[in-house]
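Read through the structure below, which is laid out as structure tokens, and then see the notes.
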Amino acid sequence: MSNKAMVYSEVRQAGWGYYGLLAASAVLVGLGLIAFFYLEHTGHHATGMNNQIVWGLPHVFAIFLIVAASGALNIGSIGTVFNNKPYKPLGRLSGLLAIACLIGGLMVLVLDLGHPDRLIIAMTHYNFKSIFAWNIILYNGFLALAVLYVWSMMDYKMQRFYKPAGFAAFFWRLVLTTGTGSIFGFLVAREAYDSAIFGPLFILVSFSLGLALFILITFGLFTWTHRALNDDLLMRKRYLLALFIGAVLFFEAIFHVTALYAAEHSHFERFMLSGQSGYSLWFWIGHVLIGSIVPLFLLLLPMCRGQVRSLLMASALVLIGSFIQLYVIIIGGQAYPLTLFPNAEVESTFFDGVINSYVPSLWELMLGIGGVGVTLVMIVIGVKVLRFLPVSLAQANPDEDTD
Amino acid sequence: MTSNQVNEYRRRFMAGLGLAAGATLAPNFILRSAQAADVVARPDNEPASSAKRWGMLIDANRLTDGGASMVEACKREHGWGNDPQASAEQQPQWMRVVKVTDKHTKHSFTLPVMCQHCENPPCVDVCPTGASMKRADGIVYVNKHTCIGCRYCMMACPYKARSFVHEPLKDQKPHSPRGMGTVESCNLCVHRIDKGQLPACVEAAPHAVIFGDLNDPESRISQALKALGGTQIRADLGLNTGVRYLNI
């Protein structure tokens, strides 16, 4: 099936269904804004974050959405970069999802700053040695490329930019996710981080998380708007999703096994893996079992793998598992105390040597959910006002791979 | 063991004792007291110069209170330590006394820990806006006007020397303003150094601390470091700290 023959249309649905969904998403945004204004006024003392756990639940939401944004472009890349034609009709939606997730994530990140009013400083004062500063450039560049990519798909006058924009966005997002992972990789002082593997690990998390999110959103949108979705097309992605889940596990294993081997990190690994802390339960049960093993069974076992329901369930579990994985990396990594003096116990009024505790407040949850709300609002409005969705994918032939 | 070997053993043992005695006496000789003459005021019309690098040598053995009086002096000088709404975990601490006990031998000591004013500070490297900065004379601190409150420097500091202000504050010290939503840490009492005064914590423990210019080989701190050495916390990270310790 040729891309040119594909017809796209705005979502025709209106009434309670559409506006109810829009209102529900807007309520989430409202919750986020209430939390922001409250925290901006009273300060972060109302949060569970403190001077030991300096990044909390908002950062988990923010990084979850940013990593998902990068991965959401998967389907677009499969069509554009790898020239898998049947997936080209989904490229527009893929771009929209990437933009919406990124803006949602960035909103949480920015609104959690101690001084969100100084965003202009972050945009004008760059310390080029900082991976954070690089990330600001990477996020802005990704947005620009994703917009250009979508534009080139929607406006025939811009068609000449389709391939270059698609390729550029594909490579840019690999760098972007490496940058996001390197935020942790560059922290030399913390045992939980300080590893180059965070770059590739985050790329793989973005692959599996982004694909899972795309599958769920696509299925939801097509079902809701009564458009024919080619199940074969969607089911084709189950092995790819399984591959990504396996790759994430592989990189996690390499990280932990390497750390276990080094005596200096063995205490941290015991803390993280042996059940000494709640984080190890989250890691094993939340991320490994529920977020990886069960989805792998759903995707690969002969009795499940042919059913769309299994794919949807696996995708949902991957989302949950990825969120837990990021929670364990971000919060668990900070909960473990800094090593001031190796082989010694330290104590002080500043909680040296103590496993730090963190209980997120409702405000933080609201702020994080606000970011999800922004993503949803952008998608719901996007598909209503612009032609992001193909009218039907019933004719798409998954076997038609090349020109 | 032959008699020659016994004599050799005795000689080494006595030499060792002598070294130990010397090491004990030398600090008494050199670490007499912190002196205001160690700091020369910087004229208002001159920028800080990289010809100097301010540093501090703290003798843990001579801190009879483990450094508590230094911490109290820092609190008084900068007005931190009692933010009304922050929880215990949220209270900023620019400086604290850390008790260290070897897991195996149970040997124990205490020392004050604050910003170590690294030559290669990770907090400066990671700061996106350059608010976390190192002045030409080696003082590491936060520019409160450009700090956006991202806390990445707190994640990067190996010494946990930085704090975030979690609430609006009143009645601040004019020479050391603190702001909600920004990160803060020991600034080596930069306002005092520029006037030719010692940092508040050094004044509070004059018999245990030498303050001065690490770049000047003739300064008392350079002389003391040359004679006695000086330990860096987490020297393995290669940060070349400006704060050094004896007897830890």
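Residues in the structure tokens are numbered from 1 in each chain, the chains being A, B, ... in the order shown, and ligands are numbered from 1 in the order shown.
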
List every residue of chain A that has an atom at most 6 Å from any atom of chain B, and for each one report the closest atom pair and its distance in Å to one decimal, counting only C-alpha atoms, with rows sorted by chain and then by increasing residue number, as JSON lines.
{"residue": "A:Gly43", "atom": "CA", "partner": "B:Glu167", "partner_atom": "CA", "distance": 4.4}
{"residue": "A:His44", "atom": "CA", "partner": "B:His166", "partner_atom": "CA", "distance": 4.6}
{"residue": "A:His45", "atom": "CA", "partner": "B:His166", "partner_atom": "CA", "distance": 4.8}
{"residue": "A:Asn50", "atom": "CA", "partner": "B:Gln90", "partner_atom": "CA", "distance": 4.4}
{"residue": "A:Asn51", "atom": "CA", "partner": "B:Gln90", "partner_atom": "CA", "distance": 5.2}
{"residue": "A:Leu113", "atom": "CA", "partner": "B:Gly149", "partner_atom": "CA", "distance": 5.2}
{"residue": "A:Gly114", "atom": "CA", "partner": "B:Gly181", "partner_atom": "CA", "distance": 3.6}
{"residue": "A:His115", "atom": "CA", "partner": "B:Ile148", "partner_atom": "CA", "distance": 4.7}
{"residue": "A:Arg118", "atom": "CA", "partner": "B:Ile148", "partner_atom": "CA", "distance": 5.8}
{"residue": "A:Ala122", "atom": "CA", "partner": "B:Thr129", "partner_atom": "CA", "distance": 5.6}
{"residue": "A:His125", "atom": "CA", "partner": "B:Thr129", "partner_atom": "CA", "distance": 4.9}
{"residue": "A:Tyr126", "atom": "CA", "partner": "B:Thr129", "partner_atom": "CA", "distance": 5.1}
{"residue": "A:Asn127", "atom": "CA", "partner": "B:Gly130", "partner_atom": "CA", "distance": 5.3}
{"residue": "A:Lys129", "atom": "CA", "partner": "B:Asp125", "partner_atom": "CA", "distance": 5.6}
{"residue": "A:Ser130", "atom": "CA", "partner": "B:Val126", "partner_atom": "CA", "distance": 4.2}
{"residue": "A:Phe132", "atom": "CA", "partner": "B:Pro128", "partner_atom": "CA", "distance": 5.3}
{"residue": "A:Ala133", "atom": "CA", "partner": "B:Pro128", "partner_atom": "CA", "distance": 4.4}
{"residue": "A:Leu187", "atom": "CA", "partner": "B:Ala156", "partner_atom": "CA", "distance": 5.3}
{"residue": "A:Ala189", "atom": "CA", "partner": "B:Pro158", "partner_atom": "CA", "distance": 4.7}
{"residue": "A:Asn343", "atom": "CA", "partner": "B:Lys103", "partner_atom": "CA", "distance": 5.8}
{"residue": "A:Ala344", "atom": "CA", "partner": "B:Asp102", "partner_atom": "CA", "distance": 4.1}
{"residue": "A:Glu345", "atom": "CA", "partner": "B:Thr101", "partner_atom": "CA", "distance": 5.1}
{"residue": "A:Val346", "atom": "CA", "partner": "B:Val100", "partner_atom": "CA", "distance": 4.5}
{"residue": "A:Glu347", "atom": "CA", "partner": "B:Lys99", "partner_atom": "CA", "distance": 5.3}
{"residue": "A:Ser348", "atom": "CA", "partner": "B:Val98", "partner_atom": "CA", "distance": 4.8}

If you keep N, CA and C atoms, can you produce a file of those selected residues as a short mmCIF file (atom, residue, chain, number, x, y, z; two decimals), in the first residue's frame?
data_model
loop_
_atom_site.label_atom_id
_atom_site.label_comp_id
_atom_site.auth_asym_id
_atom_site.auth_seq_id
_atom_site.Cartn_x
_atom_site.Cartn_y
_atom_site.Cartn_z
N GLY A 43 7.20 26.81 48.88
CA GLY A 43 8.51 26.17 48.88
C GLY A 43 8.40 24.66 48.93
N HIS A 44 9.53 24.01 48.74
CA HIS A 44 9.53 22.56 48.63
C HIS A 44 9.39 21.84 49.97
N HIS A 45 9.23 22.60 51.05
CA HIS A 45 9.11 21.90 52.34
C HIS A 45 7.81 21.09 52.37
N ASN A 50 13.93 16.23 50.14
CA ASN A 50 14.69 16.90 51.19
C ASN A 50 16.14 17.04 50.75
N ASN A 51 17.01 17.30 51.69
CA ASN A 51 18.41 17.51 51.30
C ASN A 51 19.18 16.19 51.15
N LEU A 113 11.44 22.92 39.44
CA LEU A 113 12.66 23.67 39.77
C LEU A 113 12.42 24.54 41.00
N GLY A 114 13.48 24.84 41.72
CA GLY A 114 13.35 25.78 42.82
C GLY A 114 12.96 27.16 42.31
N HIS A 115 13.43 27.48 41.12
CA HIS A 115 13.12 28.77 40.51
C HIS A 115 12.65 28.59 39.07
N ARG A 118 13.02 31.28 36.53
CA ARG A 118 14.30 31.59 35.91
C ARG A 118 14.60 30.70 34.70
N ALA A 122 18.06 29.48 32.21
CA ALA A 122 18.50 28.15 31.72
C ALA A 122 18.61 28.15 30.19
N HIS A 125 21.93 31.00 29.64
CA HIS A 125 23.25 30.80 30.26
C HIS A 125 23.61 29.33 30.16
N TYR A 126 24.51 29.00 29.28
CA TYR A 126 24.86 27.58 29.12
C TYR A 126 26.26 27.29 29.66
N ASN A 127 26.33 26.28 30.51
CA ASN A 127 27.63 25.76 30.90
C ASN A 127 27.83 24.51 30.06
N LYS A 129 29.93 22.34 29.85
CA LYS A 129 30.49 21.14 30.46
C LYS A 129 29.39 20.32 31.15
N SER A 130 28.21 20.92 31.26
CA SER A 130 27.13 20.26 31.97
C SER A 130 26.27 19.43 31.03
N PHE A 132 23.43 18.47 31.70
CA PHE A 132 22.09 19.05 31.85
C PHE A 132 21.88 20.14 30.80
N ALA A 133 22.90 20.98 30.63
CA ALA A 133 22.80 22.05 29.63
C ALA A 133 22.68 21.45 28.24
N LEU A 187 27.46 11.06 37.29
CA LEU A 187 27.55 11.35 38.73
C LEU A 187 28.59 10.44 39.38
N ALA A 189 30.24 10.51 42.04
CA ALA A 189 30.33 10.30 43.49
C ALA A 189 29.33 9.28 44.01
N ASN A 343 35.01 1.65 53.99
CA ASN A 343 35.26 0.72 55.09
C ASN A 343 35.05 1.33 56.46
N ALA A 344 34.34 2.41 56.54
CA ALA A 344 34.06 3.00 57.85
C ALA A 344 32.58 3.31 57.96
N GLU A 345 32.11 3.33 59.22
CA GLU A 345 30.74 3.78 59.45
C GLU A 345 30.79 5.25 59.78
N VAL A 346 29.89 6.00 59.21
CA VAL A 346 29.88 7.44 59.51
C VAL A 346 28.50 7.83 60.06
N GLU A 347 28.51 8.82 60.93
CA GLU A 347 27.24 9.34 61.43
C GLU A 347 27.36 10.84 61.65
N SER A 348 26.23 11.53 61.49
CA SER A 348 26.22 12.97 61.67
C SER A 348 24.79 13.45 61.79
#

Find the spatial neighbours of stretch 38-44 of chain B, counting only C-alpha atoms, within a cut-off of 7 Å - ignore same-chain residues fewer than 3 positions away - and output them as a list in words.
->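 So, after excluding close chain neighbours, the residues are Gln35, Ile193, Asp194, Lys195, Gly196, Gln197, Leu198, Phe211 and Gly212 of chain B.
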
Go through stretch 80-126 of chain B and collect every residue that DSSP, computed from the backbone, puts in helix (DSSP H, G or I); the answer should be as number ranges by chain.
-> B: 88-90, 122-126

Selected residues, C-alpha atoms, written as a PDB file, in the first residue's frame, please.
ATOM      1  CA  ALA B  88      14.963  17.639  59.939  1.00  0.00           C
ATOM      2  CA  GLU B  89      15.862  16.078  56.605  1.00  0.00           C
ATOM      3  CA  GLN B  90      15.095  19.328  54.813  1.00  0.00           C
ATOM      4  CA  PRO B 122      31.861  18.153  40.124  1.00  0.00           C
ATOM      5  CA  CYS B 123      29.155  20.607  41.240  1.00  0.00           C
ATOM      6  CA  VAL B 124      30.565  23.242  38.881  1.00  0.00           C
ATOM      7  CA  ASP B 125      30.850  20.776  36.007  1.00  0.00           C
ATOM      8  CA  VAL B 126      27.213  19.677  36.163  1.00  0.00           C
TER       9      VAL B 126
END

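When atom CA of A:Leu39 is paired with atom CA of A:Trp363, their separation reads 7.8 Å.
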
Picked from stretch 87-207 of chain B by DSSP as strand (DSSP E or B), as a list in words |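 Taking stretch 87-207 of chain B and keeping strand (DSSP E or B) gives Arg96, Val97, Val98, Lys99, Val100, Thr101, Asp102, Ser108, Phe109, Thr110, Leu111, Pro112, Val113, Ser132, Met133, Lys134, Val140, Tyr141, Val142, Ser163, Phe164, Val183 and Glu184 of chain B.
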
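Excluding A:Ser77 and any residue on its chain fewer than 6 positions from it, the residues at most 10 Å away by only C-alpha atoms are Gly71, Asn83, Asn84, Tyr87, Lys88, Gly91, Ser94, Gly95, Lys163, Gly166, Phe167, Ala169, Phe170 and Phe171 of chain A.
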
Using only C-alpha atoms, the best pick from A:Thr178, A:Thr225, A:Ser70, A:Ser195 as closest to A:Gly17 would be A:Thr225

Distance query A:Ile320 at most 12 Å, only C-alpha atoms, self and fewer than 5 positions along chain excluded, as a list in words = Phe61, Phe64, Ser208, Leu209, Ala212, Leu213, Trp282, Phe283, Ile285, Gly286, His287, Val288, Leu289, Ile290, Gly291, Ser292, Val294, Pro295, Met313, Ala314, Ser315, Gln325, Leu326 and Tyr327 of chain A

Å distance separating atom CA of A:Thr177 from atom CA of A:Val67, one decimal place =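 Between atom CA of A:Thr177 and atom CA of A:Val67 the gap works out to 6.5 Å.
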
Just give me the gap between atom CA of A:Leu109 and atom CA of A:Leu33 in Å, one decimal is fine.
->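 Separating atom CA of A:Leu109 from atom CA of A:Leu33 is a distance of 12.9 Å.
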
Please identify all polymer residues within 6 Å of stretch 354-356 of chain A, counting only C-alpha atoms, omitting same-chain residues fewer than 2 positions from it, and present them as a list of chain:residue names.
-> A:Ala335, A:Tyr336, A:Pro337, A:Phe351, A:Asp352

Test item: residues at most 7 Å from stretch 238-247 of chain B, only C-alpha atoms, excluding those fewer than 6 positions along its chain, as a ChimeraX atom specification | /B:54-61,116-121,230-232
